[in-house]
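Next up, protein.txt (compact mmCIF, C-alpha atoms):
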```txt
# COMPACT_ATOMS: atom_id res chain seq x y z
CA MET A 14 -278.06 107.88 158.01
CA THR A 15 -278.28 107.17 154.30
CA ARG A 16 -275.71 105.29 152.27
CA ASP A 17 -275.27 108.38 150.05
CA ALA A 18 -274.27 110.51 153.02
CA HIS A 19 -271.37 108.14 153.82
CA ASP A 20 -270.24 108.11 150.20
CA GLU A 21 -270.43 111.87 150.04
CA ALA A 22 -268.47 112.21 153.27
CA ARG A 23 -265.70 109.97 151.99
CA GLU A 24 -265.59 111.80 148.69
CA LEU A 25 -265.14 115.05 150.56
CA ILE A 26 -262.39 113.49 152.68
CA ALA A 27 -260.59 112.42 149.50
CA LEU A 28 -261.01 115.76 147.73
CA GLN A 29 -259.71 117.82 150.67
CA ASP A 30 -260.18 121.27 149.11
CA LEU A 31 -263.53 122.01 150.70
CA SER A 32 -265.70 125.06 151.04
CA ILE A 33 -266.68 126.29 154.53
CA ALA A 34 -270.17 124.78 154.11
CA GLN A 35 -268.73 121.42 153.05
CA GLN A 36 -266.30 121.45 155.98
CA ARG A 37 -269.15 122.10 158.39
CA TRP A 38 -271.30 119.38 156.89
CA LEU A 39 -268.41 116.91 156.95
CA GLN A 40 -267.53 117.75 160.55
CA ALA A 41 -271.15 117.24 161.61
CA HIS A 42 -271.22 113.90 159.80
CA LEU A 43 -267.94 112.74 161.33
CA ASP A 44 -269.20 113.64 164.80
CA GLU A 45 -272.05 111.19 164.29
CA CYS A 46 -270.49 108.45 162.16
CA VAL A 47 -267.77 106.25 163.68
CA GLY A 48 -267.06 104.46 160.41
CA CYS A 49 -266.45 107.63 158.42
CA ARG A 50 -264.40 109.06 161.29
CA GLU A 51 -262.16 105.99 161.19
CA PHE A 52 -261.90 106.32 157.43
CA ALA A 53 -260.93 109.99 157.80
CA GLU A 54 -258.21 109.08 160.31
CA ASP A 55 -256.88 106.27 158.11
CA ALA A 56 -256.98 108.47 155.01
CA SER A 57 -255.15 111.21 156.85
CA HIS A 58 -252.47 108.72 157.93
CA VAL A 59 -252.13 107.36 154.36
CA VAL A 60 -251.86 110.86 152.89
CA ARG A 61 -249.20 111.85 155.44
CA SER A 62 -247.30 108.66 154.67
CA LEU A 63 -247.56 109.25 150.93
CA ARG A 64 -246.21 112.77 151.30
CA SER A 65 -243.24 111.55 153.32
CA LEU A 66 -242.56 108.55 151.09
CA PRO A 67 -238.85 108.71 150.40
CA VAL A 68 -237.86 108.43 146.73
CA LYS A 69 -234.72 110.02 145.43
CA ALA A 70 -233.08 110.26 142.04
CA ASP A 71 -229.53 108.98 141.82
CA PRO A 72 -227.12 111.93 141.32
CA ARG A 73 -225.45 109.92 138.53
CA LEU A 74 -228.78 109.70 136.72
CA VAL A 75 -229.24 113.45 137.04
CA ARG A 76 -225.72 114.19 135.74
CA ALA A 77 -226.11 111.68 132.89
CA THR A 78 -229.43 113.26 131.94
CA GLN A 79 -227.98 116.76 132.01
CA MET A 80 -225.07 115.69 129.80
CA ARG A 81 -227.38 113.88 127.38
CA VAL A 82 -229.69 116.87 127.15
CA ARG A 83 -226.76 119.23 126.51
CA PHE A 84 -225.37 116.91 123.83
CA HIS A 85 -228.76 116.58 122.17
CA ALA A 86 -229.29 120.36 122.34
CA ALA A 87 -225.95 120.86 120.56
CA ARG A 88 -226.96 118.38 117.86
CA LEU A 89 -230.31 120.07 117.35
CA ARG A 90 -228.60 123.45 117.11
CA GLU A 91 -226.12 122.08 114.59
CA THR A 92 -228.93 120.55 112.51
CA ARG A 93 -230.90 123.79 112.59
CA GLU A 94 -227.86 125.76 111.45
CA ARG A 95 -227.24 123.31 108.60
CA MET A 96 -230.83 123.43 107.48
CA TRP A 97 -230.70 127.21 107.61
CA LEU A 98 -227.63 127.16 105.34
CA VAL A 99 -229.36 124.73 102.97
CA GLY A 100 -232.41 127.00 102.88
CA MET A 101 -230.31 130.07 102.16
CA ALA A 102 -228.44 128.19 99.42
CA CYS A 103 -231.75 127.17 97.82
CA LEU A 104 -232.94 130.76 97.97
CA GLY A 105 -229.71 131.99 96.36
CA VAL A 106 -229.90 129.37 93.61
CA GLY A 107 -233.54 130.20 92.94
CA LEU A 108 -232.89 133.93 92.74
CA SER A 109 -229.85 133.59 90.49
CA ALA A 110 -231.73 131.17 88.22
CA THR A 111 -234.64 133.60 87.90
CA LEU A 112 -232.27 136.43 87.00
CA THR A 113 -230.14 134.46 84.54
CA VAL A 114 -232.89 132.60 82.64
CA PRO A 115 -233.69 135.46 80.21
CA LEU A 116 -229.98 135.99 79.47
CA LEU A 117 -229.38 132.25 78.93
CA TRP A 118 -232.44 132.06 76.70
CA ARG A 119 -231.10 134.80 74.47
CA LEU A 120 -227.63 133.22 74.46
CA PHE A 121 -229.04 129.85 73.36
CA ALA A 122 -231.20 131.50 70.69
CA TRP A 123 -228.13 133.30 69.31
CA MET A 124 -226.01 130.12 69.44
CA GLY A 125 -228.76 128.13 67.68
CA GLU A 126 -228.98 130.78 64.98
CA GLN A 127 -225.20 130.79 64.51
CA ALA A 128 -225.06 126.97 64.39
CA GLY A 129 -228.02 126.81 62.00
CA VAL A 130 -230.00 124.30 64.13
CA SER A 131 -233.76 124.25 64.48
CA THR A 132 -235.52 126.09 67.30
CA ALA A 133 -236.58 122.82 68.94
CA VAL A 134 -232.96 121.63 69.22
CA TRP A 135 -231.57 124.70 70.94
CA GLN A 136 -234.62 124.86 73.19
CA VAL A 137 -234.02 121.24 74.33
CA GLY A 138 -230.36 122.15 74.90
CA PHE A 139 -231.41 125.13 76.99
CA ALA A 140 -233.81 123.00 79.04
CA CYS A 141 -231.06 120.46 79.77
CA VAL A 142 -228.53 123.09 80.81
CA TRP A 143 -231.07 124.90 82.95
CA ILE A 144 -232.85 121.96 84.55
CA VAL A 145 -230.22 119.24 85.01
CA PRO A 146 -227.99 121.12 87.52
CA ALA A 147 -231.08 122.13 89.49
CA LEU A 148 -232.25 118.50 89.54
CA VAL A 149 -228.83 117.28 90.69
CA VAL A 150 -228.62 119.90 93.45
CA SER A 151 -232.19 119.18 94.55
CA ALA A 152 -231.47 115.46 94.71
CA LEU A 153 -228.34 116.12 96.77
CA LEU A 154 -230.20 118.44 99.12
CA LEU A 155 -233.01 115.96 99.53
CA LEU A 156 -230.57 113.18 100.30
CA ARG A 157 -228.82 115.41 102.81
CA GLY A 158 -232.10 116.40 104.41
CA THR A 159 -233.30 112.81 104.63
CA HIS A 160 -230.00 111.79 106.11
CA LEU A 161 -230.32 114.41 108.84
CA THR A 162 -233.88 113.39 109.58
CA ASN A 163 -232.89 109.76 109.89
CA ARG A 164 -230.07 110.60 112.26
CA GLU A 165 -232.40 112.58 114.49
CA GLY A 166 -234.99 109.83 114.37
CA SER A 167 -232.50 107.18 115.37
CA GLN A 168 -231.26 109.41 118.17
CA GLU A 169 -234.75 109.63 119.60
CA LEU A 170 -235.10 105.87 119.69
CA MET B 6 -256.94 140.02 145.38
CA ASN B 7 -254.68 141.36 148.13
CA ALA B 8 -251.16 142.65 147.53
CA ALA B 9 -249.38 139.50 148.70
CA THR B 10 -251.53 137.25 146.49
CA TYR B 11 -251.07 139.63 143.56
CA TYR B 12 -247.29 139.55 143.86
CA PHE B 13 -247.28 135.78 144.39
CA VAL B 14 -249.43 135.12 141.29
CA ASN B 15 -247.47 137.61 139.21
CA GLY B 16 -244.18 136.17 140.40
CA MET B 17 -245.32 132.67 139.47
CA GLU B 18 -246.50 133.81 136.04
CA SER B 19 -243.24 135.58 135.43
CA GLU B 20 -241.36 132.41 136.42
CA THR B 21 -243.40 130.17 134.08
CA ARG B 22 -243.04 132.67 131.23
CA SER B 23 -239.32 132.83 131.80
CA ILE B 24 -239.21 129.01 131.63
CA ALA B 25 -241.26 129.08 128.41
CA ARG B 26 -238.85 131.60 126.85
CA GLY B 27 -235.84 129.52 127.90
CA LEU B 28 -237.38 126.35 126.50
CA ARG B 29 -238.06 128.05 123.16
CA ARG B 30 -234.37 129.01 123.05
CA ARG B 31 -233.41 125.48 124.20
CA ASP B 32 -231.30 127.08 126.89
CA PRO B 33 -229.10 124.27 128.31
CA ASP B 34 -228.49 126.11 131.61
CA LEU B 35 -232.23 126.41 132.19
CA LEU B 36 -232.67 122.72 131.42
CA ASP B 37 -229.89 121.82 133.86
CA ARG B 38 -231.67 123.82 136.55
CA LEU B 39 -235.06 122.26 135.77
CA ILE B 40 -233.61 118.74 135.83
CA GLU B 41 -232.10 119.48 139.26
CA GLN B 42 -235.31 121.04 140.51
CA TYR B 43 -237.73 118.34 139.39
CA GLN B 44 -235.46 115.28 139.65
CA HIS B 45 -237.10 113.63 142.67
CA ARG B 46 -240.68 114.54 141.81
CA LEU B 47 -240.45 113.36 138.21
CA LEU B 48 -238.67 110.12 139.09
CA ARG B 49 -241.18 109.40 141.85
CA TYR B 50 -244.07 109.93 139.45
CA LEU B 51 -242.51 107.70 136.79
CA LEU B 52 -241.61 105.08 139.36
CA TYR B 53 -245.19 104.77 140.56
CA LEU B 54 -246.52 104.98 137.02
CA THR B 55 -244.34 102.17 135.71
CA GLY B 56 -243.51 100.27 138.91
CA ASN B 57 -240.03 99.58 137.59
CA ARG B 58 -236.98 101.59 138.65
CA ASP B 59 -234.87 100.90 135.54
CA LEU B 60 -237.72 101.75 133.21
CA ALA B 61 -238.53 104.85 135.25
CA GLU B 62 -234.90 106.02 134.98
CA ASP B 63 -234.89 105.46 131.20
CA LEU B 64 -238.14 107.37 130.85
CA PHE B 65 -236.75 110.09 133.12
CA GLN B 66 -233.97 110.75 130.59
CA GLU B 67 -236.31 110.49 127.62
CA THR B 68 -238.73 112.91 129.23
CA TRP B 69 -236.05 115.61 129.43
CA ILE B 70 -234.99 114.95 125.83
CA ARG B 71 -238.60 115.44 124.81
CA VAL B 72 -238.85 118.58 126.93
CA LEU B 73 -235.83 119.88 124.99
CA GLU B 74 -237.32 118.97 121.62
CA ARG B 75 -240.87 120.15 122.30
CA GLY B 76 -240.18 122.94 124.74
CA HIS B 77 -241.69 125.44 122.32
CA GLN B 78 -245.09 123.83 123.00
CA TYR B 79 -245.05 124.98 126.64
CA ASP B 80 -246.93 128.28 126.72
CA GLY B 81 -245.96 129.43 130.22
CA LYS B 82 -249.58 130.02 131.19
CA HIS B 83 -249.73 126.98 133.47
CA GLU B 84 -247.40 125.42 136.00
CA PHE B 85 -244.34 123.87 134.37
CA SER B 86 -244.72 120.74 136.52
CA THR B 87 -248.19 120.07 135.05
CA TRP B 88 -246.78 120.15 131.52
CA LEU B 89 -243.77 118.06 132.57
CA TYR B 90 -245.97 115.33 134.05
CA ALA B 91 -248.10 115.31 130.89
CA VAL B 92 -244.96 114.88 128.75
CA ALA B 93 -243.72 112.06 131.00
CA ARG B 94 -247.13 110.38 130.95
CA ASN B 95 -247.46 110.52 127.16
CA LEU B 96 -243.94 109.20 126.77
CA THR B 97 -244.70 106.30 129.09
CA ILE B 98 -247.86 105.45 127.13
CA ASP B 99 -245.92 105.68 123.83
CA PHE B 100 -243.22 103.42 125.23
CA MET B 101 -245.72 100.83 126.42
CA ARG B 102 -247.57 100.93 123.08
CA LYS B 103 -244.32 100.21 121.25
CA LYS B 104 -243.46 97.44 123.68
CA ARG B 105 -246.90 95.83 123.59
CA PRO B 106 -250.30 97.06 122.53
CA VAL B 107 -251.89 97.75 125.91
CA SER B 108 -253.46 100.74 127.59
CA LEU B 109 -252.06 102.49 130.62
CA ASP B 110 -254.21 100.18 132.74
CA GLY B 111 -252.12 97.23 131.72
CA LEU B 112 -248.86 99.03 132.25
CA MET B 113 -247.81 97.46 135.45
CA GLU B 114 -246.24 94.13 136.21
CA ASN B 115 -246.15 93.74 139.97
CA GLU B 116 -243.17 91.41 140.00
CA ASP B 117 -241.05 94.18 138.46
CA TYR B 118 -241.78 96.54 141.30
CA THR B 119 -238.70 97.98 142.98
CA PRO B 120 -239.35 99.58 146.36
CA PRO B 121 -238.19 103.18 146.63
CA GLU B 122 -234.88 103.84 148.29
CA PRO B 123 -234.86 105.83 151.54
CA VAL B 124 -233.46 109.33 151.47
CA ASP B 125 -230.08 109.45 153.14
CA SER B 126 -230.53 112.09 155.80
CA ALA B 127 -228.50 110.19 158.42
CA PRO B 128 -231.40 108.94 160.56
CA MET B 129 -231.10 106.34 163.32
CA ALA B 130 -230.93 102.69 162.23
CA TRP B 131 -234.41 101.86 163.54
CA GLU B 132 -235.78 104.91 161.77
CA VAL B 133 -234.31 103.70 158.49
CA LEU B 134 -235.88 100.29 159.01
CA GLU B 135 -239.23 101.76 159.94
CA GLN B 136 -239.09 104.20 157.03
CA GLN B 137 -238.17 101.43 154.61
CA GLU B 138 -240.88 99.16 155.96
CA GLN B 139 -243.45 101.92 155.63
CA ALA B 140 -242.25 102.73 152.10
CA ASP B 141 -242.43 99.06 151.10
CA LEU B 142 -245.91 98.73 152.54
CA ILE B 143 -247.30 101.80 150.81
CA GLY B 144 -245.37 101.06 147.62
CA ALA B 145 -246.82 97.55 147.47
CA ALA B 146 -250.33 98.83 148.19
CA LEU B 147 -249.98 101.47 145.46
CA VAL B 148 -248.68 98.95 142.98
CA SER B 149 -251.60 96.62 143.58
CA MET B 150 -254.04 99.37 142.59
CA PRO B 151 -255.31 99.95 139.04
CA THR B 152 -252.98 102.39 137.27
CA GLU B 153 -255.51 105.17 136.76
CA TYR B 154 -256.29 105.27 140.50
CA ARG B 155 -252.64 105.03 141.48
CA GLU B 156 -251.66 107.82 139.12
CA THR B 157 -254.37 110.14 140.44
CA VAL B 158 -253.52 109.42 144.08
CA VAL B 159 -249.80 109.96 143.47
CA LEU B 160 -250.34 113.22 141.58
CA ARG B 161 -252.70 114.55 144.25
CA PHE B 162 -251.14 113.46 147.50
CA GLN B 163 -247.47 113.01 146.64
CA GLU B 164 -246.95 115.68 144.05
CA GLY B 165 -249.51 118.11 145.44
CA LEU B 166 -251.25 118.90 142.14
CA ASN B 167 -254.76 120.30 142.38
CA LEU B 168 -257.71 118.62 140.66
CA ASP B 169 -257.62 120.87 137.59
CA GLU B 170 -253.92 120.20 137.12
CA ILE B 171 -254.47 116.43 137.40
CA ALA B 172 -257.24 116.70 134.79
CA ALA B 173 -254.80 118.54 132.51
CA VAL B 174 -252.02 115.98 133.00
CA THR B 175 -254.22 112.93 132.48
CA GLY B 176 -256.50 114.48 129.89
CA SER B 177 -259.53 113.34 131.89
CA PRO B 178 -262.67 115.29 132.86
CA LEU B 179 -262.72 116.79 136.36
CA GLY B 180 -265.52 114.46 137.44
CA THR B 181 -263.46 111.43 136.46
CA VAL B 182 -260.47 112.76 138.40
CA LYS B 183 -262.62 113.24 141.52
CA SER B 184 -264.07 109.77 141.19
CA ARG B 185 -260.64 108.19 140.69
CA LEU B 186 -259.25 110.08 143.66
CA TYR B 187 -262.06 108.93 145.92
CA ARG B 188 -261.94 105.33 144.74
CA GLY B 189 -258.13 105.29 144.79
CA LEU B 190 -257.88 106.59 148.34
CA ASN B 191 -260.61 104.23 149.45
CA LEU B 192 -258.76 101.31 147.88
CA LEU B 193 -255.42 102.34 149.32
CA VAL B 194 -256.82 102.70 152.82
CA SER B 195 -258.50 99.32 152.62
CA ARG B 196 -255.37 97.61 151.25
CA LEU B 197 -253.21 99.11 153.98
CA ARG B 198 -255.70 97.91 156.55
CA GLY B 199 -255.42 94.47 155.03
CA GLY B 200 -259.02 94.04 154.04
CA SER B 201 -262.15 95.70 152.89
CA HIS B 202 -262.83 99.07 154.39
CA ASP B 203 -266.48 99.10 155.26
CA THR B 204 -266.97 102.47 156.84
CA ARG B 205 -270.68 102.61 156.45
CA ARG B 206 -271.32 102.16 160.12
CA ALA B 207 -273.34 104.90 161.72
```

Translate this structure into structure tokens?
Amino acid sequence: MTRDAHDEARELIALQDLSIAQQRWLQAHLDECVGCREFAEDASHVVRSLRSLPVKADPRLVRATQMRVRFHAARLRETRERMWLVGMACLGVGLSATLTVPLLWRLFAWMGEQAGVSTAVWQVGFACVWIVPALVVSALLLLRGTHLTNREGSQEL
Amino acid sequence: MNAATYYFVNGMESETRSIARGLRRRDPDLLDRLIEQYQHRLLRYLLYLTGNRDLAEDLFQETWIRVLERGHQYDGKHEFSTWLYAVARNLTIDFMRKKRPVSLDGLMENEDYTPPEPVDSAPMAWEVLEQQEQADLIGAALVSMPTEYRETVVLRFQEGLNLDEIAAVTGSPLGTVKSRLYRGLNLLVSRLRGGSHDTRRA
């Protein structure tokens, strides 16, 4: 009997899910080879023992995990709702800004004309009025968003 | 495919799809049920992967948190348990990388090994002793094996995963899984026999 045949037999014993042809070949080999037959018996005993190996999770661990998962799910839901609100607010601000820019532009042009200042001056004034609030709100939103991210990150650790 | 097989396969697919839908919704009731259902199997896998009960329990909780966070990644086309083991495995590797830069092979410290507790099903005293002794013996033999062999043996023979599922969990080719299974079982048998297992006697 070749060394390869023994190796192959033991591989088949370990794999277990065998075709009919493999089962026949293995059976024929085991009928002839005492060593492989002993290995098959030992392997069968080990596998049975492994399957009956008693390990249980502590019910307190299970309850604690369920509570933690529920708590974390609530936090994630809350975060998602907040981010949704922030997104909607951004959308609203963007839309209203787009709609009001032409009106504000005309208003500033009229005010500049009435005040007798140069075009550059009222245009700078318009830019400040239009951009500064958006910058402030963006900064606040970014801070809020970063804060939320950090909280989630620290939760995970 | 006969009718019984058809209904079985369809029923299983419907179950995994229902789990996938629930995970996308982050349904807490579904998660409660899954935690109950997989509690022993997941803990057993983590226990033999890490060899440390406390660490396994920590990772058990973290695994479910990750399942909650990344549940949308489960497509429902495969067994949920396969995906769950993969999540637990990746989490364990991440944890060990943070702790110290080693691979999964270096994960285990034998002195940390905690033998599994026997299930309380009111057996006779001698049965408890015998069961505990057997568990200790096999647990110690498992722990002394290289992690990749131990993991494959545990997934195949304890958790009942097929070879394709083990390949999916470990991210290894099928040939590697077969080789690890063969070598792992060979090693385990020889360790339990208390010496080398030379079976090449005709």

Go through chain A residue by residue and, counting all atoms listed in the file, keep those with an atom at most 7 Å from chain B; for each kept residue give the shortest atom pair and its distance in Å to one decimal, ordered by chain and increasing number, as JSON lines.
```
{"residue": "A:Met14", "atom": "CA", "partner": "B:Ala207", "partner_atom": "CA", "distance": 6.7}
{"residue": "A:His19", "atom": "CA", "partner": "B:Arg205", "partner_atom": "CA", "distance": 6.2}
{"residue": "A:Glu24", "atom": "CA", "partner": "B:Tyr187", "partner_atom": "CA", "distance": 5.3}
{"residue": "A:Ala27", "atom": "CA", "partner": "B:Tyr187", "partner_atom": "CA", "distance": 5.2}
{"residue": "A:Leu28", "atom": "CA", "partner": "B:Lys183", "partner_atom": "CA", "distance": 6.9}
{"residue": "A:Glu45", "atom": "CA", "partner": "B:Ala207", "partner_atom": "CA", "distance": 6.9}
{"residue": "A:Cys46", "atom": "CA", "partner": "B:Ala207", "partner_atom": "CA", "distance": 4.6}
{"residue": "A:Val47", "atom": "CA", "partner": "B:Ala207", "partner_atom": "CA", "distance": 6.1}
{"residue": "A:Gly48", "atom": "CA", "partner": "B:Thr204", "partner_atom": "CA", "distance": 4.1}
{"residue": "A:Cys49", "atom": "CA", "partner": "B:Thr204", "partner_atom": "CA", "distance": 5.4}
{"residue": "A:Phe52", "atom": "CA", "partner": "B:Thr204", "partner_atom": "CA", "distance": 6.4}
{"residue": "A:Asp55", "atom": "CA", "partner": "B:Val194", "partner_atom": "CA", "distance": 6.4}
{"residue": "A:Ala56", "atom": "CA", "partner": "B:Val194", "partner_atom": "CA", "distance": 6.2}
{"residue": "A:Val59", "atom": "CA", "partner": "B:Val194", "partner_atom": "CA", "distance": 6.8}
{"residue": "A:Val60", "atom": "CA", "partner": "B:Phe162", "partner_atom": "CA", "distance": 6.0}
{"residue": "A:Leu63", "atom": "CA", "partner": "B:Gln163", "partner_atom": "CA", "distance": 5.7}
{"residue": "A:Arg64", "atom": "CA", "partner": "B:Gln163", "partner_atom": "CA", "distance": 4.8}
{"residue": "A:Leu66", "atom": "CA", "partner": "B:Ala140", "partner_atom": "CA", "distance": 5.9}
{"residue": "A:Pro67", "atom": "CA", "partner": "B:Pro123", "partner_atom": "CA", "distance": 5.1}
{"residue": "A:Val68", "atom": "CA", "partner": "B:Pro121", "partner_atom": "CA", "distance": 5.3}
{"residue": "A:Lys69", "atom": "CA", "partner": "B:His45", "partner_atom": "CA", "distance": 5.1}
{"residue": "A:Ala70", "atom": "CA", "partner": "B:His45", "partner_atom": "CA", "distance": 5.3}
{"residue": "A:Val75", "atom": "CA", "partner": "B:Ile40", "partner_atom": "CA", "distance": 7.0}
{"residue": "A:Thr78", "atom": "CA", "partner": "B:Gln66", "partner_atom": "CA", "distance": 5.4}
{"residue": "A:Gln79", "atom": "CA", "partner": "B:Asp37", "partner_atom": "CA", "distance": 5.7}
{"residue": "A:Val82", "atom": "CA", "partner": "B:Ile70", "partner_atom": "CA", "distance": 5.8}
{"residue": "A:Arg83", "atom": "CA", "partner": "B:Pro33", "partner_atom": "CA", "distance": 5.8}
{"residue": "A:Ala86", "atom": "CA", "partner": "B:Arg31", "partner_atom": "CA", "distance": 6.8}
```

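For the pair atom CA of A:Thr113 and atom CA of A:Gln136, the interatomic distance is 15.5 Å.
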
### Query
Can you tell me, as number ranges by chain, what residues are no more than 12 Å from B:Tyr79 when counting all atoms listed in the file, ignoring any on the same chain fewer than 6 positions away?
B: 21-31, 71-73, 85-89, 91-92

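Reported to one decimal place, the separation of atom CA of B:Glu156 from atom CA of B:Asp59 is 18.5 Å.
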